[in-house]
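A.B. asks: File protein_22.txt below, compact mmCIF, C-alpha atoms:
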# COMPACT_ATOMS: atom_id res chain seq x y z
CA MET Y 1 -40.53 54.22 -8.23
CA SER Y 2 -39.58 54.07 -4.55
CA PHE Y 3 -36.20 55.21 -3.27
CA THR Y 4 -35.34 51.65 -2.19
CA LEU Y 5 -36.19 50.26 -5.65
CA GLN Y 6 -34.09 52.96 -7.34
CA LYS Y 7 -31.16 52.12 -5.09
CA ARG Y 8 -31.40 48.41 -5.88
CA LEU Y 9 -31.59 49.17 -9.60
CA LYS Y 10 -28.45 51.34 -9.42
CA ILE Y 11 -26.59 48.62 -7.54
CA ARG Y 12 -27.58 46.04 -10.17
CA LEU Y 13 -26.57 48.35 -13.03
CA LYS Y 14 -23.25 49.01 -11.34
CA LYS Y 15 -22.63 45.28 -10.93
CA LEU Y 16 -23.58 44.69 -14.57
CA PHE Y 17 -21.22 47.47 -15.68
CA LEU Y 18 -18.37 45.97 -13.65
CA ILE Y 19 -19.06 42.53 -15.13
CA VAL Y 20 -19.00 43.92 -18.69
CA ILE Y 21 -15.77 45.82 -18.01
CA GLY Y 22 -14.24 42.73 -16.44
CA LEU Y 23 -15.15 40.59 -19.45
CA TYR Y 24 -13.77 43.24 -21.81
CA VAL Y 25 -10.45 43.35 -19.95
CA MET Y 26 -10.31 39.55 -19.70
CA ILE Y 27 -10.94 39.03 -23.42
CA GLY Y 28 -8.52 41.81 -24.34
CA SER Y 29 -5.84 40.25 -22.14
CA ALA Y 30 -6.45 36.86 -23.76
CA LEU Y 31 -6.06 38.43 -27.21
CA TYR Y 32 -2.66 39.78 -26.18
CA PHE Y 33 -1.20 36.94 -24.13
CA PHE Y 34 -2.63 34.02 -26.10
CA GLN Y 35 -2.67 35.44 -29.62
CA GLU Y 36 -0.32 32.74 -30.96
CA LYS Y 37 -2.86 30.11 -29.89
CA LEU Y 38 -5.67 32.15 -31.46
CA MET Y 39 -3.82 32.76 -34.75
CA PHE Y 40 -1.76 29.63 -35.33
CA PHE Y 41 -3.00 26.05 -35.25
CA PRO Y 42 0.04 23.85 -35.79
CA THR Y 43 0.02 20.10 -35.54
CA THR Y 44 3.28 18.42 -34.57
CA LEU Y 45 4.94 15.32 -35.96
CA GLU Y 46 7.44 12.92 -34.47
CA GLN Y 47 10.92 13.51 -35.86
CA ASP Y 48 10.96 10.00 -37.32
CA PHE Y 49 7.57 10.42 -39.04
CA LYS Y 50 7.74 9.17 -42.63
CA TYR Y 51 6.01 11.26 -45.29
CA GLN Y 52 4.15 9.46 -48.04
CA PHE Y 53 3.34 11.32 -51.23
CA ASP Y 54 2.50 10.31 -54.79
CA TYR Y 55 5.46 12.13 -56.31
CA PRO Y 56 9.22 11.92 -55.76
CA PHE Y 57 10.47 14.23 -53.01
CA GLU Y 58 13.39 14.99 -50.79
CA GLU Y 59 12.90 15.77 -47.12
CA LEU Y 60 15.04 18.65 -45.84
CA PHE Y 61 16.10 19.79 -42.39
CA LEU Y 62 17.32 23.36 -42.82
CA LYS Y 63 19.23 25.23 -40.10
CA PRO Y 64 18.77 29.02 -40.36
CA GLU Y 65 20.26 29.46 -36.88
CA VAL Y 66 21.35 27.54 -33.79
CA ASP Y 67 18.54 25.63 -32.04
CA VAL Y 68 16.25 26.08 -35.04
CA THR Y 69 15.26 23.41 -37.55
CA ILE Y 70 13.01 24.04 -40.53
CA ASN Y 71 11.55 20.89 -41.98
CA ALA Y 72 10.67 21.11 -45.66
CA VAL Y 73 9.67 18.86 -48.53
CA HIS Y 74 11.16 19.38 -51.98
CA PHE Y 75 9.11 17.76 -54.73
CA LYS Y 76 10.85 16.93 -57.99
CA ALA Y 77 8.89 16.87 -61.27
CA LYS Y 78 10.17 14.87 -64.25
CA ASN Y 79 10.65 17.81 -66.58
CA PRO Y 80 10.19 20.89 -64.38
CA LYS Y 81 9.23 24.22 -65.92
CA GLY Y 82 10.44 25.92 -62.78
CA VAL Y 83 10.05 25.76 -59.01
CA ILE Y 84 7.38 27.03 -56.63
CA LEU Y 85 8.27 28.13 -53.11
CA TYR Y 86 4.99 27.56 -51.27
CA PHE Y 87 3.98 29.14 -47.95
CA HIS Y 88 0.99 27.43 -46.39
CA GLY Y 89 -1.87 28.47 -44.14
CA ASN Y 90 -2.05 28.67 -40.36
CA ALA Y 91 -3.19 25.11 -39.60
CA GLY Y 92 -1.77 21.62 -39.99
CA ASP Y 93 1.67 20.44 -41.08
CA LEU Y 94 3.53 19.10 -44.11
CA SER Y 95 1.74 15.76 -44.05
CA ARG Y 96 -1.33 17.75 -45.17
CA TRP Y 97 0.22 20.61 -47.11
CA GLY Y 98 2.55 18.34 -49.03
CA ASN Y 99 -0.45 16.61 -50.58
CA ILE Y 100 -2.05 19.97 -51.38
CA THR Y 101 1.03 21.21 -53.23
CA THR Y 102 1.23 18.13 -55.45
CA TYR Y 103 -1.39 19.97 -57.54
CA PHE Y 104 1.52 22.02 -58.86
CA VAL Y 105 3.83 19.02 -59.29
CA GLU Y 106 1.17 17.62 -61.62
CA LYS Y 107 1.71 20.73 -63.72
CA ASN Y 108 5.41 19.90 -64.07
CA TYR Y 109 6.76 22.21 -61.39
CA ASP Y 110 9.16 21.41 -58.61
CA VAL Y 111 7.79 22.56 -55.26
CA LEU Y 112 9.48 23.43 -51.99
CA VAL Y 113 7.07 23.72 -49.06
CA MET Y 114 8.27 24.37 -45.52
CA ASP Y 115 6.73 24.00 -42.08
CA TYR Y 116 6.96 27.09 -39.90
CA ARG Y 117 8.57 26.89 -36.49
CA THR Y 118 6.43 24.84 -34.05
CA TYR Y 119 4.69 23.13 -37.02
CA GLY Y 120 5.28 19.48 -37.88
CA LYS Y 121 8.95 18.67 -37.27
CA SER Y 122 10.12 22.29 -37.35
CA ILE Y 123 11.62 23.62 -34.12
CA GLY Y 124 12.24 27.15 -32.86
CA LYS Y 125 10.69 30.19 -31.25
CA LEU Y 126 7.98 31.83 -33.33
CA SER Y 127 7.75 35.54 -34.18
CA GLU Y 128 6.87 37.63 -37.21
CA ALA Y 129 10.56 38.31 -37.82
CA THR Y 130 11.42 34.60 -37.78
CA PHE Y 131 8.69 33.84 -40.33
CA TYR Y 132 10.47 36.20 -42.73
CA LYS Y 133 13.96 35.03 -41.81
CA ASP Y 134 13.16 31.36 -42.40
CA ALA Y 135 11.41 32.18 -45.67
CA GLN Y 136 14.50 33.96 -46.96
CA PHE Y 137 16.64 31.03 -45.88
CA CYS Y 138 14.49 28.69 -47.98
CA TYR Y 139 14.67 31.11 -50.89
CA ASP Y 140 18.46 31.20 -50.64
CA TYR Y 141 18.47 27.41 -50.59
CA LEU Y 142 16.58 27.37 -53.91
CA LEU Y 143 19.00 29.90 -55.42
CA LYS Y 144 21.71 27.26 -55.09
CA HIS Y 145 19.74 24.95 -57.38
CA TYR Y 146 17.65 27.19 -59.66
CA SER Y 147 17.89 30.43 -61.53
CA GLU Y 148 15.98 33.20 -59.77
CA LYS Y 149 13.90 33.81 -62.91
CA ASP Y 150 12.49 30.29 -62.46
CA ILE Y 151 11.26 30.79 -58.88
CA THR Y 152 7.54 31.39 -58.32
CA LEU Y 153 6.48 32.53 -54.86
CA TYR Y 154 3.11 31.20 -53.76
CA GLY Y 155 1.31 32.12 -50.54
CA ARG Y 156 -1.95 30.80 -49.19
CA SER Y 157 -3.87 32.53 -46.39
CA LEU Y 158 -1.33 33.16 -43.59
CA GLY Y 159 1.46 32.45 -46.07
CA THR Y 160 0.44 35.33 -48.36
CA GLY Y 161 2.01 37.94 -46.09
CA ILE Y 162 5.22 35.95 -45.93
CA ALA Y 163 5.35 35.40 -49.69
CA SER Y 164 4.66 39.11 -50.28
CA TYR Y 165 7.50 40.12 -47.98
CA LEU Y 166 9.87 37.76 -49.76
CA ALA Y 167 8.82 39.05 -53.19
CA SER Y 168 9.53 42.61 -52.05
CA LYS Y 169 13.11 41.65 -51.12
CA ASN Y 170 14.00 39.47 -54.10
CA LYS Y 171 13.60 39.21 -57.88
CA SER Y 172 11.46 36.13 -58.35
CA LYS Y 173 9.58 35.27 -61.54
CA GLN Y 174 6.13 35.97 -60.09
CA LEU Y 175 4.05 36.13 -56.93
CA VAL Y 176 0.76 34.25 -56.54
CA LEU Y 177 -1.47 34.93 -53.53
CA GLU Y 178 -4.44 32.70 -52.67
CA THR Y 179 -6.94 34.21 -50.18
CA PRO Y 180 -4.64 37.06 -49.03
CA TYR Y 181 -5.33 39.81 -46.48
CA PHE Y 182 -4.61 43.53 -46.50
CA SER Y 183 -2.88 42.87 -43.19
CA ILE Y 184 -3.48 40.61 -40.19
CA LEU Y 185 -4.38 43.78 -38.34
CA ASP Y 186 -7.14 44.46 -40.87
CA VAL Y 187 -8.60 40.97 -40.35
CA ALA Y 188 -8.36 41.33 -36.56
CA LYS Y 189 -10.24 44.64 -36.69
CA HIS Y 190 -12.99 42.87 -38.61
CA ARG Y 191 -13.25 40.09 -36.02
CA PHE Y 192 -12.75 42.15 -32.87
CA PRO Y 193 -14.03 45.64 -33.73
CA ILE Y 194 -14.45 46.81 -30.12
CA PHE Y 195 -10.88 46.05 -29.06
CA PRO Y 196 -7.70 48.12 -29.64
CA VAL Y 197 -6.16 45.33 -31.72
CA LYS Y 198 -3.44 47.55 -33.14
CA GLN Y 199 -1.97 47.88 -29.66
CA LEU Y 200 -2.62 44.24 -28.75
CA LEU Y 201 -1.25 42.45 -31.81
CA LYS Y 202 2.35 41.22 -31.96
CA TYR Y 203 1.85 40.05 -35.57
CA HIS Y 204 0.84 42.43 -38.35
CA PHE Y 205 1.96 40.92 -41.70
CA PRO Y 206 1.32 44.18 -43.61
CA THR Y 207 0.87 42.81 -47.12
CA PHE Y 208 -0.25 46.25 -48.31
CA GLN Y 209 3.19 47.64 -47.47
CA TYR Y 210 5.08 44.90 -49.32
CA LEU Y 211 3.19 44.68 -52.61
CA PRO Y 212 4.12 48.19 -53.86
CA LYS Y 213 7.78 47.13 -53.58
CA VAL Y 214 7.28 43.97 -55.67
CA ARG Y 215 8.52 44.27 -59.25
CA CYS Y 216 7.42 40.91 -60.64
CA PRO Y 217 3.85 40.07 -61.78
CA ILE Y 218 1.39 39.62 -58.89
CA THR Y 219 -1.71 37.43 -59.11
CA ILE Y 220 -4.34 37.51 -56.36
CA ILE Y 221 -7.13 34.91 -56.19
CA HIS Y 222 -9.91 35.35 -53.65
CA GLY Y 223 -13.43 34.02 -53.16
CA THR Y 224 -16.42 36.22 -52.44
CA GLU Y 225 -17.69 33.89 -49.69
CA ASP Y 226 -14.44 33.55 -47.75
CA GLY Y 227 -15.38 33.17 -44.08
CA VAL Y 228 -11.83 33.35 -42.75
CA VAL Y 229 -10.18 36.23 -44.61
CA PRO Y 230 -12.90 38.65 -45.73
CA TYR Y 231 -13.07 39.31 -49.46
CA ALA Y 232 -13.15 43.02 -48.62
CA SER Y 233 -9.71 42.76 -47.02
CA ALA Y 234 -8.21 41.38 -50.21
CA LYS Y 235 -10.04 43.95 -52.34
CA LYS Y 236 -8.14 46.68 -50.50
CA LEU Y 237 -5.00 45.27 -52.13
CA GLU Y 238 -6.54 45.84 -55.55
CA ASP Y 239 -7.24 49.42 -54.49
CA LEU Y 240 -3.47 49.94 -54.31
CA LYS Y 241 -3.72 50.33 -58.12
CA LEU Y 242 -0.51 48.44 -58.86
CA GLU Y 243 0.16 48.02 -62.58
CA ASN Y 244 1.67 44.56 -62.08
CA LEU Y 245 -1.29 43.22 -60.07
CA ASN Y 246 -4.01 40.96 -61.50
CA PHE Y 247 -6.94 40.46 -59.11
CA VAL Y 248 -9.12 37.41 -59.80
CA THR Y 249 -12.49 37.11 -58.08
CA VAL Y 250 -13.92 33.62 -57.58
CA LYS Y 251 -17.67 34.11 -57.22
CA GLY Y 252 -19.04 31.87 -54.49
CA GLY Y 253 -15.57 30.67 -53.52
CA GLY Y 254 -14.74 30.11 -49.85
CA HIS Y 255 -11.45 29.96 -48.02
CA ASN Y 256 -10.45 26.34 -48.65
CA ASP Y 257 -12.28 25.36 -51.83
CA LEU Y 258 -10.97 27.63 -54.59
CA ILE Y 259 -9.31 24.72 -56.33
CA ASN Y 260 -12.79 23.45 -57.24
CA TYR Y 261 -13.60 26.56 -59.29
CA GLU Y 262 -12.81 27.04 -62.97
CA ALA Y 263 -11.72 30.64 -62.30
CA TYR Y 264 -8.96 29.38 -60.01
CA GLN Y 265 -7.93 26.54 -62.30
CA SER Y 266 -7.72 28.74 -65.41
CA THR Y 267 -5.78 31.42 -63.50
CA ILE Y 268 -3.22 28.94 -62.24
CA HIS Y 269 -2.96 27.47 -65.74
CA ASP Y 270 -2.16 30.92 -67.12
CA CYS Y 271 0.39 31.59 -64.38
CA LEU Y 272 2.22 28.31 -64.88
CA LYS Y 273 1.95 27.73 -68.63
Could I get this file's structure written as structure tokens?
C.D. replies:
Amino acid sequence: MSFTLQKRLKIRLKKLFLIVIGLYVMIGSALYFFQEKLMFFPTTLEQDFKYQFDYPFEELFLKPEVDVTINAVHFKAKNPKGVILYFHGNAGDLSRWGNITTYFVEKNYDVLVMDYRTYGKSIGKLSEATFYKDAQFCYDYLLKHYSEKDITLYGRSLGTGIASYLASKNKSKQLVLETPYFSILDVAKHRFPIFPVKQLLKYHFPTFQYLPKVRCPITIIHGTEDGVVPYASAKKLEDLKLENLNFVTVKGGGHNDLINYEAYQSTIHDCLK
């Protein structure tokens, strides 16, 4: 190889190296500065939007602090066995999640489901701390109308970390987690293994830290083919070896279709009977 050819090759390799480094820094910066847009997918609703559901409900506008409004829907069953405080996933708004939660109203449970800040009609600045604060505010609202022993906490996907936190701070009847994660950090490491996500993430939702502090029964339901929250992440929660934890595996189940599986249906039946 001639000296001139070697020189050209070195220049090209140097340029390629600089391009790779530039892309790495650019993607890492995007993960830090735009992580809310990468993690949360809210849809917004006009404040005068009218919900339409098949069951009786009351629309609530809760005020945990000044300049913050939490929109929630409170379904009322005819002869309720209790109430479920439901924390939904990271996409959509109450016009979608309200319909999803009527599954539990059909089982004679009242349901309170809230929209997080920036979702639907809810207003306020988003942070991990405000997720927890607003959840506790909704819990306190229910305590004015129900006995604490009648409150079931239910989290789905993103909402599992929030529900777990709330269960660790209160004395609810039970905690049900659908497609939970060990932590958001754990999921991020799975998706972005070459980046220092621990230093980049503003949101951690460490479910694994909260569950050991929960004293009520815990039920986890997760599908083996979940393409959003890896099954392995949830299995780490079972490895905590908690005596009050029941881990249910839905073979073949994905992230959004567990309701179609008998394993899910029978588990929910047992939880709510």
A.B. asks: Give as an MDAnalysis selection string each residue that has an atom at most 12 Å from (4.6, 11.5, -54.4) in the file, counting all atoms listed in the file.
C.D. replies: chainID Y and resid 51:59 73:78 95 98:106 110:111
A.B. asks: Could those residues be written to a file, using C-alpha atoms, as a PDB file, in the coordinates of the input?
C.D. replies:
ATOM      1  CA  TYR Y  51       6.010  11.260 -45.290  1.00  0.00           C
ATOM      2  CA  GLN Y  52       4.150   9.460 -48.040  1.00  0.00           C
ATOM      3  CA  PHE Y  53       3.340  11.320 -51.230  1.00  0.00           C
ATOM      4  CA  ASP Y  54       2.500  10.310 -54.790  1.00  0.00           C
ATOM      5  CA  TYR Y  55       5.460  12.130 -56.310  1.00  0.00           C
ATOM      6  CA  PRO Y  56       9.220  11.920 -55.760  1.00  0.00           C
ATOM      7  CA  PHE Y  57      10.470  14.230 -53.010  1.00  0.00           C
ATOM      8  CA  GLU Y  58      13.390  14.990 -50.790  1.00  0.00           C
ATOM      9  CA  GLU Y  59      12.900  15.770 -47.120  1.00  0.00           C
ATOM     10  CA  VAL Y  73       9.670  18.860 -48.530  1.00  0.00           C
ATOM     11  CA  HIS Y  74      11.160  19.380 -51.980  1.00  0.00           C
ATOM     12  CA  PHE Y  75       9.110  17.760 -54.730  1.00  0.00           C
ATOM     13  CA  LYS Y  76      10.850  16.930 -57.990  1.00  0.00           C
ATOM     14  CA  ALA Y  77       8.890  16.870 -61.270  1.00  0.00           C
ATOM     15  CA  LYS Y  78      10.170  14.870 -64.250  1.00  0.00           C
ATOM     16  CA  SER Y  95       1.740  15.760 -44.050  1.00  0.00           C
ATOM     17  CA  GLY Y  98       2.550  18.340 -49.030  1.00  0.00           C
ATOM     18  CA  ASN Y  99      -0.450  16.610 -50.580  1.00  0.00           C
ATOM     19  CA  ILE Y 100      -2.050  19.970 -51.380  1.00  0.00           C
ATOM     20  CA  THR Y 101       1.030  21.210 -53.230  1.00  0.00           C
ATOM     21  CA  THR Y 102       1.230  18.130 -55.450  1.00  0.00           C
ATOM     22  CA  TYR Y 103      -1.390  19.970 -57.540  1.00  0.00           C
ATOM     23  CA  PHE Y 104       1.520  22.020 -58.860  1.00  0.00           C
ATOM     24  CA  VAL Y 105       3.830  19.020 -59.290  1.00  0.00           C
ATOM     25  CA  GLU Y 106       1.170  17.620 -61.620  1.00  0.00           C
ATOM     26  CA  ASP Y 110       9.160  21.410 -58.610  1.00  0.00           C
ATOM     27  CA  VAL Y 111       7.790  22.560 -55.260  1.00  0.00           C
TER      28      VAL Y 111
END
A.B. asks: Have a look at atom CA of Ile184 of chain Y and atom CA of Ala91 of chain Y and let me know their distance in Å, one decimal.
C.D. replies: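 Pair atom CA of Ile184 of chain Y / atom CA of Ala91 of chain Y returns 15.5 Å.
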A.B. asks: Using all atoms listed in the file, determine which residues lie at most 9 Å from segment 123-136 of chain Y, disregarding the query and same-chain residues fewer than 2 positions distant; provide the list as an MDAnalysis selection string.
C.D. replies: chainID Y and resid 36 63:64 67:71 87 114 116:121 138:141 162:163 165:166 169 202:205
A.B. asks: For atom CA of Ala167 of chain Y and atom CA of Asn244 of chain Y, determine how far apart the two atoms are, in Å to one decimal place.
C.D. replies: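 Separation between atom CA of Ala167 of chain Y and atom CA of Asn244 of chain Y: 12.7 Å.
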A.B. asks: Just want the 8 Å neighbourhood of Ser164 of chain Y, counted on all atoms listed in the file, with same-chain residues fewer than 2 positions away dropped. Output as a ChimeraX atom specification.
C.D. replies: /Y:155,160-162,166-168,175,207,210-211,214
